[in-house]
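The data block below is coords-v6.cif; it holds mmCIF, C-alpha atoms and all ligand atoms.
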data_final
#
loop_
_atom_site.group_PDB
_atom_site.id
_atom_site.type_symbol
_atom_site.label_atom_id
_atom_site.label_comp_id
_atom_site.auth_asym_id
_atom_site.auth_seq_id
_atom_site.Cartn_x
_atom_site.Cartn_y
_atom_site.Cartn_z
ATOM 1 C CA MET F 2 329.164 186.253 -128.521
ATOM 2 C CA LEU F 3 327.809 183.848 -131.143
ATOM 3 C CA ARG F 4 330.148 181.479 -132.926
ATOM 4 C CA HIS F 5 327.822 178.576 -133.744
ATOM 5 C CA VAL F 6 324.171 177.821 -132.984
ATOM 6 C CA LEU F 7 324.139 174.211 -131.819
ATOM 7 C CA ARG F 8 322.011 173.770 -128.721
ATOM 8 C CA VAL F 9 319.756 175.776 -126.491
ATOM 9 C CA ASP F 10 321.921 175.518 -123.380
ATOM 10 C CA GLN F 11 324.645 177.615 -125.019
ATOM 11 C CA PHE F 12 322.430 180.698 -124.574
ATOM 12 C CA THR F 13 322.169 182.902 -121.502
ATOM 13 C CA ARG F 14 319.090 184.844 -120.543
ATOM 14 C CA THR F 15 320.789 188.024 -121.800
ATOM 15 C CA ASP F 16 321.556 186.398 -125.177
ATOM 16 C CA VAL F 17 317.909 185.420 -125.582
ATOM 17 C CA GLU F 18 316.664 188.876 -124.585
ATOM 18 C CA ARG F 19 319.014 190.519 -127.085
ATOM 19 C CA LEU F 20 318.004 188.172 -129.862
ATOM 20 C CA ILE F 21 314.324 188.893 -129.159
ATOM 21 C CA VAL F 22 314.962 192.646 -129.387
ATOM 22 C CA SER F 23 316.990 192.150 -132.559
ATOM 23 C CA ALA F 24 314.290 189.941 -134.141
ATOM 24 C CA ALA F 25 311.671 192.628 -133.463
ATOM 25 C CA HIS F 26 313.957 195.148 -135.170
ATOM 26 C CA MET F 27 314.428 192.728 -138.089
ATOM 27 C CA ARG F 28 310.672 192.651 -138.563
ATOM 28 C CA THR F 29 310.750 196.399 -139.228
ATOM 29 C CA ILE F 30 313.683 196.001 -141.603
ATOM 30 C CA ALA F 31 311.949 193.177 -143.482
ATOM 31 C CA GLU F 32 308.752 195.206 -143.738
ATOM 32 C CA ARG F 33 310.755 198.038 -145.279
ATOM 33 C CA GLY F 34 312.093 195.671 -147.933
ATOM 34 C CA GLY F 35 315.267 194.471 -146.174
ATOM 35 C CA ASP F 36 318.779 195.924 -146.247
ATOM 36 C CA ASP F 37 322.267 195.142 -147.492
ATOM 37 C CA ARG F 38 324.255 194.422 -144.369
ATOM 38 C CA LEU F 39 325.256 190.899 -145.479
ATOM 39 C CA ARG F 40 326.071 191.836 -149.062
ATOM 40 C CA GLY F 41 328.822 189.621 -150.432
ATOM 41 C CA ARG F 42 328.194 186.889 -147.841
ATOM 42 C CA ILE F 43 326.989 183.404 -148.760
ATOM 43 C CA LEU F 44 324.905 181.023 -146.645
ATOM 44 C CA ALA F 45 324.922 177.281 -147.404
ATOM 45 C CA THR F 46 321.907 175.215 -146.344
ATOM 46 C CA MET F 47 322.343 171.429 -146.203
ATOM 47 C CA PHE F 48 319.243 169.452 -145.353
ATOM 48 C CA PHE F 49 319.562 165.711 -144.859
ATOM 49 C CA GLU F 50 315.884 165.608 -143.758
ATOM 50 C CA PRO F 51 312.701 167.213 -145.119
ATOM 51 C CA SER F 52 311.976 170.856 -144.305
ATOM 52 C CA THR F 53 309.725 173.621 -145.544
ATOM 53 C CA ARG F 54 309.886 176.415 -142.980
ATOM 54 C CA THR F 55 313.375 176.141 -141.558
ATOM 55 C CA ARG F 56 315.212 176.000 -144.880
ATOM 56 C CA MET F 57 313.100 178.555 -146.693
ATOM 57 C CA SER F 58 312.998 180.984 -143.768
ATOM 58 C CA PHE F 59 316.797 180.847 -143.392
ATOM 59 C CA GLU F 60 317.129 181.509 -147.111
ATOM 60 C CA SER F 61 314.577 184.306 -146.996
ATOM 61 C CA ALA F 62 316.340 185.815 -143.943
ATOM 62 C CA MET F 63 319.731 185.768 -145.699
ATOM 63 C CA ILE F 64 318.324 187.339 -148.862
ATOM 64 C CA ARG F 65 316.460 190.020 -146.891
ATOM 65 C CA LEU F 66 319.798 191.069 -145.381
ATOM 66 C CA GLY F 67 321.432 191.320 -148.810
ATOM 67 C CA GLY F 68 323.275 187.972 -148.753
ATOM 68 C CA ARG F 69 323.034 185.002 -151.089
ATOM 69 C CA VAL F 70 322.311 181.337 -150.623
ATOM 70 C CA ILE F 71 323.572 178.035 -151.974
ATOM 71 C CA THR F 72 321.452 175.091 -151.026
ATOM 72 C CA MET F 73 321.364 171.343 -150.963
ATOM 73 C CA GLU F 74 318.002 169.843 -150.186
ATOM 74 C CA ASN F 75 317.697 166.069 -150.078
ATOM 75 C CA ALA F 76 321.359 166.011 -149.087
ATOM 76 C CA SER F 77 320.972 162.440 -147.872
ATOM 77 C CA GLU F 78 320.284 161.445 -151.481
ATOM 78 C CA THR F 79 322.251 163.989 -153.498
ATOM 79 C CA SER F 80 325.330 164.903 -151.437
ATOM 80 C CA SER F 81 328.588 162.970 -151.295
ATOM 81 C CA ALA F 82 327.353 161.517 -147.987
ATOM 82 C CA VAL F 83 325.830 158.872 -150.272
ATOM 83 C CA LYS F 84 329.380 157.969 -151.316
ATOM 84 C CA GLY F 85 330.453 157.713 -147.687
ATOM 85 C CA GLU F 86 331.821 161.219 -147.061
ATOM 86 C CA THR F 87 331.922 162.161 -143.368
ATOM 87 C CA ILE F 88 330.251 165.316 -142.076
ATOM 88 C CA GLU F 89 333.698 166.629 -141.123
ATOM 89 C CA ASP F 90 334.925 166.384 -144.715
ATOM 90 C CA THR F 91 331.679 167.805 -146.097
ATOM 91 C CA VAL F 92 331.952 170.819 -143.771
ATOM 92 C CA ARG F 93 335.622 171.374 -144.692
ATOM 93 C CA ILE F 94 334.574 171.586 -148.326
ATOM 94 C CA VAL F 95 331.364 173.605 -147.990
ATOM 95 C CA GLU F 96 333.071 176.218 -145.796
ATOM 96 C CA THR F 97 335.278 177.080 -148.760
ATOM 97 C CA TYR F 98 332.099 177.988 -150.659
ATOM 98 C CA ALA F 99 330.099 179.751 -147.930
ATOM 99 C CA ASP F 100 330.421 181.980 -144.851
ATOM 100 C CA ALA F 101 328.002 179.960 -142.682
ATOM 101 C CA ILE F 102 326.412 176.520 -142.960
ATOM 102 C CA VAL F 103 322.936 175.479 -141.823
ATOM 103 C CA ILE F 104 322.685 171.723 -141.247
ATOM 104 C CA ARG F 105 319.658 169.503 -140.593
ATOM 105 C CA HIS F 106 320.403 165.849 -140.056
ATOM 106 C CA PRO F 107 318.521 162.786 -138.753
ATOM 107 C CA VAL F 108 321.391 161.842 -136.431
ATOM 108 C CA ALA F 109 321.746 163.700 -133.112
ATOM 109 C CA GLY F 110 325.056 165.506 -132.699
ATOM 110 C CA ILE F 111 326.000 165.782 -136.391
ATOM 111 C CA PRO F 112 325.975 169.630 -136.498
ATOM 112 C CA GLU F 113 328.196 169.664 -133.385
ATOM 113 C CA ARG F 114 330.619 167.289 -135.077
ATOM 114 C CA GLY F 115 330.700 169.615 -138.065
ATOM 115 C CA ALA F 116 331.311 172.602 -135.792
ATOM 116 C CA GLN F 117 334.379 170.955 -134.299
ATOM 117 C CA VAL F 118 336.230 171.208 -137.606
ATOM 118 C CA ALA F 119 334.506 174.284 -139.043
ATOM 119 C CA ALA F 120 336.126 177.648 -139.635
ATOM 120 C CA VAL F 121 332.708 179.212 -140.322
ATOM 121 C CA PRO F 122 329.565 179.278 -138.144
ATOM 122 C CA ILE F 123 327.485 176.096 -138.120
ATOM 123 C CA ILE F 124 323.771 176.356 -137.378
ATOM 124 C CA ASN F 125 321.842 173.331 -136.166
ATOM 125 C CA ALA F 126 318.533 173.280 -138.037
ATOM 126 C CA GLY F 127 317.381 170.132 -136.220
ATOM 127 C CA ASP F 128 319.417 167.030 -135.346
ATOM 128 C CA GLY F 129 317.305 163.905 -135.002
ATOM 129 C CA ALA F 130 315.187 163.825 -131.847
ATOM 130 C CA HIS F 131 317.738 165.967 -130.031
ATOM 131 C CA GLU F 132 317.517 169.748 -130.544
ATOM 132 C CA HIS F 133 316.060 172.469 -132.731
ATOM 133 C CA PRO F 134 317.555 175.610 -131.193
ATOM 134 C CA THR F 135 316.460 178.147 -133.817
ATOM 135 C CA GLN F 136 312.883 176.883 -133.441
ATOM 136 C CA ALA F 137 313.082 177.422 -129.664
ATOM 137 C CA LEU F 138 314.339 180.973 -130.208
ATOM 138 C CA LEU F 139 311.528 181.811 -132.617
ATOM 139 C CA ASP F 140 309.070 180.220 -130.191
ATOM 140 C CA VAL F 141 310.122 182.443 -127.288
ATOM 141 C CA PHE F 142 310.168 185.440 -129.640
ATOM 142 C CA THR F 143 306.568 184.566 -130.569
ATOM 143 C CA ILE F 144 305.573 184.201 -126.907
ATOM 144 C CA GLN F 145 307.089 187.625 -126.176
ATOM 145 C CA GLN F 146 305.296 189.177 -129.159
ATOM 146 C CA GLU F 147 301.947 187.573 -128.390
ATOM 147 C CA LEU F 148 301.827 187.750 -124.589
ATOM 148 C CA GLY F 149 304.183 190.659 -124.006
ATOM 149 C CA ARG F 150 306.382 188.557 -121.683
ATOM 150 C CA ILE F 151 308.298 185.305 -121.392
ATOM 151 C CA ASP F 152 308.154 185.207 -117.575
ATOM 152 C CA ASP F 153 305.245 184.215 -115.330
ATOM 153 C CA ILE F 154 303.753 181.873 -117.897
ATOM 154 C CA THR F 155 302.231 178.411 -117.957
ATOM 155 C CA VAL F 156 303.044 176.428 -121.092
ATOM 156 C CA ALA F 157 301.356 173.148 -122.029
ATOM 157 C CA LEU F 158 303.593 171.007 -124.247
ATOM 158 C CA VAL F 159 301.354 168.516 -126.023
ATOM 159 C CA GLY F 160 302.002 165.429 -128.144
ATOM 160 C CA ASP F 161 305.211 163.596 -128.916
ATOM 161 C CA LEU F 162 307.566 164.976 -126.286
ATOM 162 C CA ARG F 163 310.003 162.113 -126.593
ATOM 163 C CA TYR F 164 310.966 162.295 -130.260
ATOM 164 C CA GLY F 165 309.933 165.915 -130.845
ATOM 165 C CA ARG F 166 313.049 168.078 -130.899
ATOM 166 C CA ALA F 167 310.945 171.265 -130.948
ATOM 167 C CA PRO F 168 309.234 170.700 -127.556
ATOM 168 C CA ARG F 169 312.532 169.459 -126.076
ATOM 169 C CA SER F 170 314.348 172.623 -127.124
ATOM 170 C CA LEU F 171 311.448 174.832 -126.047
ATOM 171 C CA ALA F 172 311.403 173.220 -122.589
ATOM 172 C CA MET F 173 315.162 173.791 -122.330
ATOM 173 C CA ILE F 174 314.972 177.451 -123.330
ATOM 174 C CA LEU F 175 312.140 178.030 -120.861
ATOM 175 C CA THR F 176 314.570 177.180 -118.045
ATOM 176 C CA LEU F 177 315.771 180.766 -118.658
ATOM 177 C CA ALA F 178 312.308 182.206 -117.940
ATOM 178 C CA ARG F 179 311.297 183.241 -114.438
ATOM 179 C CA ASN F 180 308.322 181.649 -112.778
ATOM 180 C CA CYS F 181 307.523 179.399 -115.736
ATOM 181 C CA ARG F 182 305.337 176.326 -115.245
ATOM 182 C CA LEU F 183 305.119 173.451 -117.696
ATOM 183 C CA ILE F 184 302.223 171.048 -118.183
ATOM 184 C CA LEU F 185 303.382 167.964 -120.067
ATOM 185 C CA VAL F 186 300.624 166.247 -122.040
ATOM 186 C CA ALA F 187 301.972 163.177 -123.852
ATOM 187 C CA PRO F 188 300.601 159.763 -124.805
ATOM 188 C CA PRO F 189 302.145 156.894 -122.798
ATOM 189 C CA GLY F 190 305.500 155.910 -124.291
ATOM 190 C CA VAL F 191 306.396 159.317 -125.713
ATOM 191 C CA GLU F 192 306.734 161.340 -122.511
ATOM 192 C CA MET F 193 309.434 163.965 -122.071
ATOM 193 C CA SER F 194 312.866 162.364 -121.600
ATOM 194 C CA PRO F 195 314.613 162.312 -118.207
ATOM 195 C CA ASP F 196 317.498 164.543 -119.398
ATOM 196 C CA VAL F 197 315.064 167.417 -120.018
ATOM 197 C CA LEU F 198 313.140 166.738 -116.785
ATOM 198 C CA ASP F 199 316.448 166.871 -114.881
ATOM 199 C CA ALA F 200 317.295 170.217 -116.491
ATOM 200 C CA LEU F 201 313.850 171.575 -115.567
ATOM 201 C CA ALA F 202 314.242 170.409 -111.979
ATOM 202 C CA SER F 203 317.748 171.798 -111.616
ATOM 203 C CA HIS F 204 316.560 175.222 -112.843
ATOM 204 C CA GLY F 205 313.572 175.174 -110.515
ATOM 205 C CA VAL F 206 310.984 174.974 -113.309
ATOM 206 C CA GLU F 207 307.772 173.547 -111.925
ATOM 207 C CA TYR F 208 306.243 170.864 -114.155
ATOM 208 C CA ARG F 209 303.568 168.206 -114.005
ATOM 209 C CA ALA F 210 302.232 165.511 -116.290
ATOM 210 C CA GLU F 211 298.600 165.811 -117.366
ATOM 211 C CA ILE F 212 296.488 163.471 -119.447
ATOM 212 C CA ASP F 213 293.541 165.789 -120.037
ATOM 213 C CA LEU F 214 294.062 168.358 -122.824
ATOM 214 C CA VAL F 215 290.936 170.261 -121.748
ATOM 215 C CA ALA F 216 292.367 170.766 -118.253
ATOM 216 C CA ALA F 217 295.700 171.866 -119.739
ATOM 217 C CA ALA F 218 294.011 174.295 -122.160
ATOM 218 C CA ARG F 219 292.039 175.835 -119.312
ATOM 219 C CA GLU F 220 295.200 176.587 -117.349
ATOM 220 C CA ALA F 221 297.813 177.424 -119.977
ATOM 221 C CA ASP F 222 298.913 180.762 -121.404
ATOM 222 C CA VAL F 223 300.493 178.842 -124.290
ATOM 223 C CA VAL F 224 299.276 175.511 -125.668
ATOM 224 C CA TYR F 225 302.120 174.111 -127.789
ATOM 225 C CA MET F 226 300.817 171.304 -129.995
ATOM 226 C CA THR F 227 303.238 168.952 -131.763
ATOM 227 C CA ARG F 228 303.180 166.258 -134.427
ATOM 228 C CA VAL F 229 303.854 162.621 -133.569
ATOM 229 C CA GLN F 230 307.283 162.120 -135.184
ATOM 230 C CA LYS F 231 306.412 159.115 -137.330
ATOM 231 C CA GLU F 232 309.873 158.918 -138.871
ATOM 232 C CA ARG F 233 311.562 158.325 -135.502
ATOM 233 C CA PHE F 234 309.561 155.321 -134.304
ATOM 234 C CA PRO F 235 311.277 151.935 -134.406
ATOM 235 C CA ASP F 236 308.244 150.373 -136.168
ATOM 236 C CA GLU F 237 304.788 151.203 -137.543
ATOM 237 C CA ARG F 238 302.980 149.493 -134.654
ATOM 238 C CA SER F 239 304.508 151.692 -131.955
ATOM 239 C CA TYR F 240 303.692 154.790 -134.043
ATOM 240 C CA LEU F 241 300.067 153.716 -134.514
ATOM 241 C CA ALA F 242 299.773 153.191 -130.750
ATOM 242 C CA VAL F 243 300.336 156.885 -130.014
ATOM 243 C CA ARG F 244 299.111 158.762 -133.081
ATOM 244 C CA GLY F 245 295.961 160.828 -133.075
ATOM 245 C CA GLN F 246 295.559 160.926 -129.301
ATOM 246 C CA TYR F 247 295.675 164.673 -128.769
ATOM 247 C CA GLN F 248 293.728 166.818 -131.186
ATOM 248 C CA PHE F 249 293.084 170.447 -130.380
ATOM 249 C CA GLY F 250 289.634 171.599 -131.430
ATOM 250 C CA GLU F 251 286.890 174.087 -130.703
ATOM 251 C CA GLN F 252 286.087 172.409 -127.370
ATOM 252 C CA HIS F 253 289.584 173.396 -126.210
ATOM 253 C CA LEU F 254 289.257 176.960 -127.496
ATOM 254 C CA GLU F 255 286.087 177.267 -125.452
ATOM 255 C CA VAL F 256 287.897 176.710 -122.154
ATOM 256 C CA MET F 257 290.994 178.730 -123.063
ATOM 257 C CA ARG F 258 291.407 182.233 -121.736
ATOM 258 C CA PRO F 259 290.918 185.024 -124.290
ATOM 259 C CA GLN F 260 294.538 186.149 -124.081
ATOM 260 C CA SER F 261 296.110 182.660 -124.297
ATOM 261 C CA ILE F 262 297.589 181.325 -127.544
ATOM 262 C CA VAL F 263 297.979 178.081 -129.491
ATOM 263 C CA LEU F 264 301.366 177.386 -131.100
ATOM 264 C CA HIS F 265 302.662 174.528 -133.269
ATOM 265 C CA PRO F 266 306.118 174.229 -134.891
ATOM 266 C CA LEU F 267 304.336 172.752 -137.953
ATOM 267 C CA PRO F 268 303.795 170.752 -140.082
ATOM 268 C CA ARG F 269 300.535 169.637 -138.513
ATOM 269 C CA VAL F 270 298.954 166.333 -139.393
ATOM 270 C CA ASP F 271 295.763 166.119 -137.337
ATOM 271 C CA GLU F 272 296.792 167.815 -134.079
ATOM 272 C CA ILE F 273 294.838 171.019 -134.669
ATOM 273 C CA ASP F 274 291.426 171.154 -136.285
ATOM 274 C CA PRO F 275 291.583 173.670 -139.183
ATOM 275 C CA ALA F 276 288.389 175.221 -137.715
ATOM 276 C CA VAL F 277 290.688 176.652 -135.012
ATOM 277 C CA ASP F 278 292.773 178.613 -137.570
ATOM 278 C CA SER F 279 290.454 181.600 -137.776
ATOM 279 C CA ASP F 280 290.454 182.192 -134.013
ATOM 280 C CA PRO F 281 292.778 185.076 -133.046
ATOM 281 C CA ARG F 282 294.402 182.814 -130.433
ATOM 282 C CA ALA F 283 295.664 180.502 -133.195
ATOM 283 C CA ALA F 284 299.160 181.970 -133.444
ATOM 284 C CA TYR F 285 300.982 179.214 -135.372
ATOM 285 C CA PHE F 286 301.066 180.965 -138.733
ATOM 286 C CA ARG F 287 302.354 184.142 -137.086
ATOM 287 C CA GLN F 288 304.895 181.909 -135.307
ATOM 288 C CA ALA F 289 306.145 180.526 -138.648
ATOM 289 C CA ARG F 290 306.505 184.056 -140.013
ATOM 290 C CA ASN F 291 308.485 185.052 -136.927
ATOM 291 C CA GLY F 292 310.996 182.395 -137.956
ATOM 292 C CA VAL F 293 312.279 184.706 -140.685
ATOM 293 C CA PHE F 294 312.825 187.577 -138.233
ATOM 294 C CA MET F 295 314.599 185.450 -135.630
ATOM 295 C CA ARG F 296 316.798 183.872 -138.320
ATOM 296 C CA MET F 297 317.647 187.345 -139.632
ATOM 297 C CA ALA F 298 318.696 188.226 -136.068
ATOM 298 C CA LEU F 299 320.844 185.088 -135.834
ATOM 299 C CA LEU F 300 322.532 185.618 -139.212
ATOM 300 C CA ASP F 301 323.218 189.228 -138.272
ATOM 301 C CA ALA F 302 324.781 188.125 -134.980
ATOM 302 C CA LEU F 303 326.890 185.431 -136.676
ATOM 303 C CA LEU F 304 327.999 187.220 -139.827
ATOM 304 C CA ASN F 305 327.885 190.949 -139.260
ATOM 305 C CA SER F 306 330.924 192.100 -137.311
ATOM 306 C CA SER F 307 329.278 195.400 -136.473
ATOM 307 C CA SER F 308 326.215 193.685 -134.972
ATOM 308 C CA THR F 309 325.706 194.491 -131.308
ATOM 309 C CA LEU F 310 325.365 190.764 -130.749
ATOM 310 C CA ALA F 311 328.589 189.785 -132.544
HETATM 311 N N1 LIG E 401 309.360 171.113 -138.153
HETATM 312 C C1 LIG E 401 309.668 170.661 -136.813
HETATM 313 C C2 LIG E 401 310.958 169.880 -136.795
HETATM 314 O O1 LIG E 401 311.635 169.793 -137.795
HETATM 315 C C3 LIG E 401 308.534 169.923 -136.187
HETATM 316 C C4 LIG E 401 308.090 168.658 -136.867
HETATM 317 O O2 LIG E 401 308.676 168.234 -137.874
HETATM 318 O O3 LIG E 401 307.153 168.057 -136.365
HETATM 319 O O4 LIG E 401 311.327 169.362 -135.763
#
Rewrite the structure from the file as structure tokens, please.
Amino acid sequence: MLRHVLRVDQFTRTDVERLIVSAAHMRTIAERGGDDRLRGRILATMFFEPSTRTRMSFESAMIRLGGRVITMENASETSSAVKGETIEDTVRIVETYADAIVIRHPVAGIPERGAQVAAVPIINAGDGAHEHPTQALLDVFTIQQELGRIDDITVALVGDLRYGRAPRSLAMILTLARNCRLILVAPPGVEMSPDVLDALASHGVEYRAEIDLVAAAREADVVYMTRVQKERFPDERSYLAVRGQYQFGEQHLEVMRPQSIVLHPLPRVDEIDPAVDSDPRAAYFRQARNGVFMRMALLDALLNSSSTLA
């Protein structure tokens, strides 16, 4: 079933359900100290943009399944891209060293370009302001774990919905949920892009824009906070115009239902008051940990021929 992981719309509802079941199973395996199913396999991680969680959780996932990792962080400074090498040539080389390649790049579409020439699986670990499919998968896994369902939910997506690839991919994956409603809370100028709104409409996902975070918090099962993507703004002035507008604090917890949750793909800057962290509804650190289990499930599906998902 899985050849590459490039964008959310490659997945069916059944794929997502199976990956969620597999990720839950991977949690048990990880808690038992991992296993050896990917022994002898090598994962290459190439990051042309900063990352803490995505790179390290992929590496941790590979090692927990008995595989090994070769890595290039700061690839935009240290890889041959600096000398003018194309992504196609880089992939043709790296695939002779590794059995799968994880790529993060500031330019949308680069992992897909790599996949067109690749003989090994390519995993998109974030391409510019476009997509972050493995984040979306770990987000729905977290929603399933925390709420016990991914259907019949109201999700508030808050912050930079224009440049944020995490909320874009989450909105796209939620088109596979039944009876899902989205509340879009974004400062003027960084609202969700029309391509995502069209996809929501064509899948019958109900959505509305909201300016009041308190109102959204009162209604939502999931409040998904995001960072304003400073690095994607054309200039400092347009970034300053939207930063700091939505900050989740104790006043929002007060109106939230006891069984609702707060998520954030992290890193946070000032979007969530650290005083919120100790509330049981603050699920963002559990969400980050779930990234290892979902990435174990993905590596198993991509690299283990006896996987039920292969
Ligand atoms: N870590 C996420 C990403 O790479 C979210 C963020 O950077 O704000 O898209």
Straight-line distance linking CA of Ala130 in chain F with CA of Tyr164 in chain F, stated in Å to one decimal: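 Taking CA of Ala130 in chain F as the start and CA of Tyr164 in chain F as the end point, the length is 4.8 Å.
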Around all listed atoms of range 177-186 of chain F, padded 4 Å per side, what centre and edge lengths does the axis-aligned box have in Å to one decimal, as lines of an AutoDock Vina configuration file?
center_x = 308.2
center_y = 174.7
center_z = -117.4
size_x = 23.1
size_y = 25.0
size_z = 17.3
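Each of F:Ala82, F:Ile102, F:Leu299, F:Ala126 was compared to Arg166 in chain F using all atoms listed in the file, and F:Ala126 turns out to be the nearest.
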Contacts of ligand LIG 401 (chain E), 7 Å or closer, all atoms listed in the file, given as a list in words: Ser52, Gly127, His133, Gly165, Arg166, Ala167, Thr227, Arg228, Val229, Gln230, Pro266, Leu267 and Pro268 of chain F
Using all atoms listed in the file: which of F:Arg163, F:Arg150, F:Arg290, F:Arg28 has the shortest distance to Arg65 in chain F: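 Comparing F:Arg163, F:Arg150, F:Arg290, F:Arg28 against Arg65 in chain F, the winner is F:Arg28.
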Expected selection from the PyMOL selection byres (((chain F and resi 46) around 6) and not hetatm), given as a ChimeraX atom specification: /F:45,47,72,102-103
Emit the selected residues as a PDB file, in the coordinates of the input, including C-alpha atoms.
ATOM      1  CA  ALA F  45     324.922 177.281-147.404  1.00  0.00           C
ATOM      2  CA  MET F  47     322.343 171.429-146.203  1.00  0.00           C
ATOM      3  CA  THR F  72     321.452 175.091-151.026  1.00  0.00           C
ATOM      4  CA  ILE F 102     326.412 176.520-142.960  1.00  0.00           C
ATOM      5  CA  VAL F 103     322.936 175.479-141.823  1.00  0.00           C
TER       6      VAL F 103
END
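Shell of range 274-289 of chain F at 8 Å, with only C-alpha atoms counted and residues fewer than 4 places along the chain excluded, is Arg54, Leu139, Asp140, Thr143, Gln248, Phe249, Gly250, Glu251, Leu254, Pro259, Gln260, Ser261, Ile262, Val263, Leu264, His265, Pro266, Leu267 and Val293 of chain F.
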Atom pair CA of Thr79 in chain F / CA of Leu304 in chain F: separation (Å):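 CA of Leu304 in chain F lies 27.6 Å from CA of Thr79 in chain F.
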Output check: residues returned by the PyMOL selection byres (((chain F and resi 169-185) around 7) and not hetatm), as a PDB file with C-alpha atoms, in the frame of the given file:
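The result, written out as expr.pdb:
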ATOM      1  CA  VAL F   9     319.756 175.776-126.491  1.00  0.00           C
ATOM      2  CA  ARG F  14     319.090 184.844-120.543  1.00  0.00           C
ATOM      3  CA  GLU F 132     317.517 169.748-130.544  1.00  0.00           C
ATOM      4  CA  HIS F 133     316.060 172.469-132.731  1.00  0.00           C
ATOM      5  CA  PRO F 134     317.555 175.610-131.193  1.00  0.00           C
ATOM      6  CA  ALA F 137     313.082 177.422-129.664  1.00  0.00           C
ATOM      7  CA  ILE F 151     308.298 185.305-121.392  1.00  0.00           C
ATOM      8  CA  ASP F 152     308.154 185.207-117.575  1.00  0.00           C
ATOM      9  CA  ASP F 153     305.245 184.215-115.330  1.00  0.00           C
ATOM     10  CA  ILE F 154     303.753 181.873-117.897  1.00  0.00           C
ATOM     11  CA  THR F 155     302.231 178.411-117.957  1.00  0.00           C
ATOM     12  CA  VAL F 156     303.044 176.428-121.092  1.00  0.00           C
ATOM     13  CA  ALA F 157     301.356 173.148-122.029  1.00  0.00           C
ATOM     14  CA  LEU F 158     303.593 171.007-124.247  1.00  0.00           C
ATOM     15  CA  VAL F 159     301.354 168.516-126.023  1.00  0.00           C
ATOM     16  CA  LEU F 162     307.566 164.976-126.286  1.00  0.00           C
ATOM     17  CA  GLY F 165     309.933 165.915-130.845  1.00  0.00           C
ATOM     18  CA  ARG F 166     313.049 168.078-130.899  1.00  0.00           C
ATOM     19  CA  ALA F 167     310.945 171.265-130.948  1.00  0.00           C
ATOM     20  CA  PRO F 168     309.234 170.700-127.556  1.00  0.00           C
ATOM     21  CA  VAL F 186     300.624 166.247-122.040  1.00  0.00           C
ATOM     22  CA  ALA F 187     301.972 163.177-123.852  1.00  0.00           C
ATOM     23  CA  VAL F 197     315.064 167.417-120.018  1.00  0.00           C
ATOM     24  CA  LEU F 201     313.850 171.575-115.567  1.00  0.00           C
ATOM     25  CA  HIS F 204     316.560 175.222-112.843  1.00  0.00           C
ATOM     26  CA  VAL F 206     310.984 174.974-113.309  1.00  0.00           C
ATOM     27  CA  GLU F 207     307.772 173.547-111.925  1.00  0.00           C
ATOM     28  CA  TYR F 208     306.243 170.864-114.155  1.00  0.00           C
ATOM     29  CA  ARG F 209     303.568 168.206-114.005  1.00  0.00           C
ATOM     30  CA  ALA F 210     302.232 165.511-116.290  1.00  0.00           C
ATOM     31  CA  GLU F 211     298.600 165.811-117.366  1.00  0.00           C
ATOM     32  CA  ALA F 217     295.700 171.866-119.739  1.00  0.00           C
TER      33      ALA F 217
END
Gap from CA of Asp36 in chain F to CA of Ser61 in chain F - Å, one decimal: 12.4 Å
Residue members of the PyMOL selection byres (((chain F and resi 22) around 12) and not hetatm) in the file shown, as a list in words: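 The output of the PyMOL selection byres (((chain F and resi 22) around 12) and not hetatm) on this file is Thr15, Asp16, Val17, Glu18, Arg19, Leu20, Ile21, Ser23, Ala24, Ala25, His26, Met27, Arg28, Thr29, Leu138, Leu139, Val141, Phe142, Thr143, Gln145, Gln146, Phe294, Met295, Met297, Ala298, Leu299, Thr309 and Leu310 of chain F.
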Close residues, range 83-93 of chain F itself excluded, 9 Å, only C-alpha atoms, min 2 positions apart in chain, as a list of chain:residue names: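 Result of the neighbour search: F:Ala76, F:Ser77, F:Glu78, F:Thr79, F:Ser80, F:Ser81, F:Val95, F:Glu96, F:Thr97, F:Ile102, F:Ile111, F:Pro112, F:Arg114, F:Gly115, F:Ala116, F:Gln117, F:Val118, F:Ala119, F:Ala120, F:Ile123.
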Which residue of F:Ala99, F:Ile144, F:Met193, F:Ile273 approaches Val223 in chain F most closely, using only C-alpha atoms: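 Looking at the shortest contact to Val223 in chain F, the residue is F:Ile144.
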Nearest to Arg296 in chain F by atom-to-atom distance, counting all atoms listed in the file, from F:Ile71, F:Ala62, F:Arg8, F:Phe49: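 Of F:Ile71, F:Ala62, F:Arg8, F:Phe49, the one nearest Arg296 in chain F, counting all atoms listed in the file, is F:Ala62.
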Nearest residue to Val70 in chain F from the set F:Val191, F:Met57, F:Leu3, F:Val270 (distances using all atoms listed in the file): F:Met57
Residue contacts of range 106-109 of chain F (6 Å, only C-alpha atoms) excluding same-chain residues fewer than 4 positions away, as a list in words: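 So, after excluding close chain neighbours, the residues are Phe49, Glu50, Asp128, Gly129 and His131 of chain F.
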Restricted to C-alpha atoms, what would the selected residues look like written as a PDB file, in the coordinates of the input?
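Saved to out23.pdb:
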ATOM      1  CA  PHE F  49     319.562 165.711-144.859  1.00  0.00           C
ATOM      2  CA  GLU F  50     315.884 165.608-143.758  1.00  0.00           C
ATOM      3  CA  ASP F 128     319.417 167.030-135.346  1.00  0.00           C
ATOM      4  CA  GLY F 129     317.305 163.905-135.002  1.00  0.00           C
ATOM      5  CA  HIS F 131     317.738 165.967-130.031  1.00  0.00           C
TER       6      HIS F 131
END
